[in-house]
Amino acid sequence: MKALVKIGKWIGGIVLSLAVILLIAYFFITNNINQRTATKHSFATETIDIPRDSSIVKRGEHLAVIKGCIECHGEKLDGKIMMDDPALGRLVAANLTKGKGGLPADYSTADWLAALRHGVDRNGRPLLFMPSHETTLLSKQDLQAIIAYCQQVPAADHVVPASKLGPVVNVMAYLDKMPLLSVEKIDHKLPIVASADTTEGIAQGKYLSISCSGCHKPTLKGGEPVAPGMPPVPDLTRTGHVGKWTQAQFIHTLRTGKTPSGHQINNDNMPWKMTAQYSETELASLYQYFRTIQ
């Protein structure tokens with residue numbers, strides 16, 4: 001009996017020690033993330049001319065859809081709560097209009113470029129979960145179009161709460177399993193891309209695939225789930241399952257969310273409602289580029 005009591009105390013001591021170690025580790029992780037999210041960054045001010053003609057604005061609206069701006073910030077770009085979970089935290093996309101709760105009246109083109117090119121707000125503070133490591137690679141024409149569109153969106157009064165990181169996000173971000181701070185992933189010395197190919201083909205597909213790399217990895221070979229509870233990310237290259245599809249099947253899947261086998265994709269896992277807005281040429285170009293990768 002005494003031996004059992006000793007063993008029980010020994011096990012209890014080990015469990016308590018592990019709990020203390022885990023608490024210390026989590027305290028360290030949380031402190032690290034808090035410091036990184038509070039760090040102010042400074043970059044050379046950039047600006048570009050923003051055309052106002054209707055064709056540019058229309059192009060910007062298309063880009064806002066296929067690049068996920070609408071998906072995250074809402075159809076009116078007035079912001080929304082994308083996630084509110086005790087473990088993951090509260091993820092909020094900002095109101096990008098000039099209405100109440102939105103951007104200040106003097107928010108400039110340089111401020112837009114700081115967000116899109118460097119992943120920081122006008123004060124140099126990191127933007128959370130903003131895919132600036134992707135948008136920084138947009139061409140000058142596409143940056144002009146997106147900013148032109150966003151600047152003319154009607155003001156919408158919508159005050160959204162601040163984002164609040166949960167323990168799972170803190171740990172995953174610390175382990176670099178989640179793109180929390182794009183400012184840390186960008187080569188800030190790279191100049192604005194002068195232009196991009198807009199004709200159907202591999203070059204355009206490569207340019208467009210930047211938006212796929214966030215989930216499917218820079219190699220586009222996919223891998224582990226983006227977040228807990230989500231399925232593994234598919235391999236988009238010619239050696240993966242998707243690589244066995246025909247171009248027509250690929251386009252149909254990204255338009256309808258239904259795979260050649262008849263499986264209906266959950267839009268929360270793969271935003272096919274967003275990819276459905278790609279043009280036929282853009283989807284064909286993506287397919288053609290993916291087929292070049294092994």
# chains A, B, ... in the order shown; residues from 1 in each chain; ligands from 1
>>> residues_around(residues="A:Leu96", least_positions_apart="4", cutoff="7 Å", atoms="only C-alpha atoms", output="PDB file with N, CA, C and O atoms, in the first residue's frame")
ATOM      1  N   LEU A  77     -16.675  45.735 -48.072  1.00  0.00           N
ATOM      2  CA  LEU A  77     -15.355  46.046 -47.504  1.00  0.00           C
ATOM      3  C   LEU A  77     -15.489  46.769 -46.166  1.00  0.00           C
ATOM      4  O   LEU A  77     -14.588  47.514 -45.758  1.00  0.00           O
ATOM      5  N   ASP A  78     -16.604  46.535 -45.482  1.00  0.00           N
ATOM      6  CA  ASP A  78     -16.842  47.227 -44.210  1.00  0.00           C
ATOM      7  C   ASP A  78     -16.425  46.402 -42.998  1.00  0.00           C
ATOM      8  O   ASP A  78     -16.775  46.719 -41.863  1.00  0.00           O
ATOM      9  N   GLY A  79     -15.659  45.323 -43.241  1.00  0.00           N
ATOM     10  CA  GLY A  79     -15.114  44.528 -42.152  1.00  0.00           C
ATOM     11  C   GLY A  79     -16.068  43.476 -41.634  1.00  0.00           C
ATOM     12  O   GLY A  79     -17.287  43.573 -41.823  1.00  0.00           O
ATOM     13  N   GLY A 102     -14.154  52.805 -39.768  1.00  0.00           N
ATOM     14  CA  GLY A 102     -13.281  52.473 -40.892  1.00  0.00           C
ATOM     15  C   GLY A 102     -11.991  53.269 -40.911  1.00  0.00           C
ATOM     16  O   GLY A 102     -11.487  53.707 -39.860  1.00  0.00           O
ATOM     17  N   LEU A 103     -11.464  53.482 -42.078  1.00  0.00           N
ATOM     18  CA  LEU A 103     -10.195  54.178 -42.237  1.00  0.00           C
ATOM     19  C   LEU A 103     -10.359  55.674 -42.017  1.00  0.00           C
ATOM     20  O   LEU A 103     -11.425  56.238 -42.299  1.00  0.00           O
TER      21      LEU A 103
END
>>> residues_around(residues="A:Cys72", least_positions_apart="2", cutoff="10 Å", atoms="only C-alpha atoms", output="PyMOL selection string")
chain A and resi 65+67-70+74-75+77-82+92-94+130
>>> residues_around(residues="A:Trp112", least_positions_apart="2", cutoff="12 Å", atoms="only C-alpha atoms", output="ChimeraX atom specification")
/A:45-48,50,96,103-104,106-110,114-123,132,135-136,143-151
>>> select_by_dssp(residues="stretch 90-272 of chain A", states="strand (DSSP E)", output="ChimeraX atom specification")
/A:90-93,164-165
>>> select_by_dssp(residues="stretch 2-62 of chain A", states="helix (DSSP H, G or I)", output="NGL selection string")
:A and (2-38 or 54-62)
>>> atom_distance(atom1="atom CA of A:Pro161", atom2="atom CA of A:Gly101")
9.3 Å
>>> atom_distance(atom1="atom CA of A:Thr237", atom2="atom CA of A:His252")
17.4 Å
>>> closest_residue(among="A:Val160, A:His41, A:Ser17, A:Pro51", to="A:His73", atoms="only C-alpha atoms")
A:Val160
>>> residues_around(residues="A:Ser139", least_positions_apart="4", cutoff="7 Å", atoms="only C-alpha atoms", output="number ranges by chain")
A: 143, 192-196
>>> write_last_selection(atoms="N, CA, C and O atoms", output="compact mmCIF listing (two decimals), in the first residue's frame")
# COMPACT_ATOMS: atom_id res chain seq x y z
N LEU A 143 -1.75 46.78 -58.35
CA LEU A 143 -1.80 47.58 -57.12
C LEU A 143 -2.62 48.85 -57.36
O LEU A 143 -3.46 49.22 -56.53
N ILE A 192 8.57 47.44 -56.55
CA ILE A 192 7.27 47.06 -57.09
C ILE A 192 7.45 46.38 -58.43
O ILE A 192 8.23 46.83 -59.28
N VAL A 193 6.76 45.27 -58.62
CA VAL A 193 6.83 44.55 -59.90
C VAL A 193 6.30 45.46 -61.00
O VAL A 193 5.20 46.02 -60.89
N ALA A 194 7.08 45.63 -62.05
CA ALA A 194 6.72 46.59 -63.11
C ALA A 194 5.45 46.20 -63.84
O ALA A 194 4.56 47.02 -64.06
N SER A 195 5.35 44.92 -64.23
CA SER A 195 4.18 44.48 -64.97
C SER A 195 4.04 42.97 -64.86
O SER A 195 4.97 42.28 -64.42
N ALA A 196 2.88 42.46 -65.26
CA ALA A 196 2.63 41.02 -65.24
C ALA A 196 1.95 40.62 -66.54
O ALA A 196 1.21 41.40 -67.13
>>> residues_around(residues="A:Asp85", least_positions_apart="2", cutoff="10 Å", atoms="only C-alpha atoms", output="compact mmCIF listing (two decimals) with N, CA and C atoms, in the first residue's frame")
# COMPACT_ATOMS: atom_id res chain seq x y z
N MET A 83 -13.72 34.90 -37.37
CA MET A 83 -13.65 33.76 -36.46
C MET A 83 -13.75 34.25 -35.03
N ALA A 87 -10.41 28.90 -28.30
CA ALA A 87 -9.05 28.37 -28.47
C ALA A 87 -8.25 29.15 -29.51
N LEU A 88 -8.90 29.50 -30.61
CA LEU A 88 -8.21 30.19 -31.70
C LEU A 88 -8.18 31.70 -31.49
N GLY A 89 -9.20 32.22 -30.87
CA GLY A 89 -9.28 33.65 -30.65
C GLY A 89 -10.30 34.30 -31.55
N ARG A 90 -10.29 35.62 -31.58
CA ARG A 90 -11.20 36.39 -32.43
C ARG A 90 -10.40 37.03 -33.55
N LEU A 91 -10.72 36.63 -34.78
CA LEU A 91 -10.03 37.16 -35.95
C LEU A 91 -10.97 38.12 -36.67
N LYS A 164 -8.28 39.32 -31.30
CA LYS A 164 -7.72 38.84 -30.04
C LYS A 164 -7.21 37.42 -30.26
N LEU A 165 -5.93 37.22 -30.06
CA LEU A 165 -5.32 35.93 -30.36
C LEU A 165 -5.57 34.92 -29.24
N GLY A 166 -5.96 33.72 -29.61
CA GLY A 166 -6.16 32.65 -28.66
C GLY A 166 -4.91 31.81 -28.49
>>> atom_distance(atom1="atom CA of A:Val171", atom2="atom CA of A:Asn32")
10.2 Å
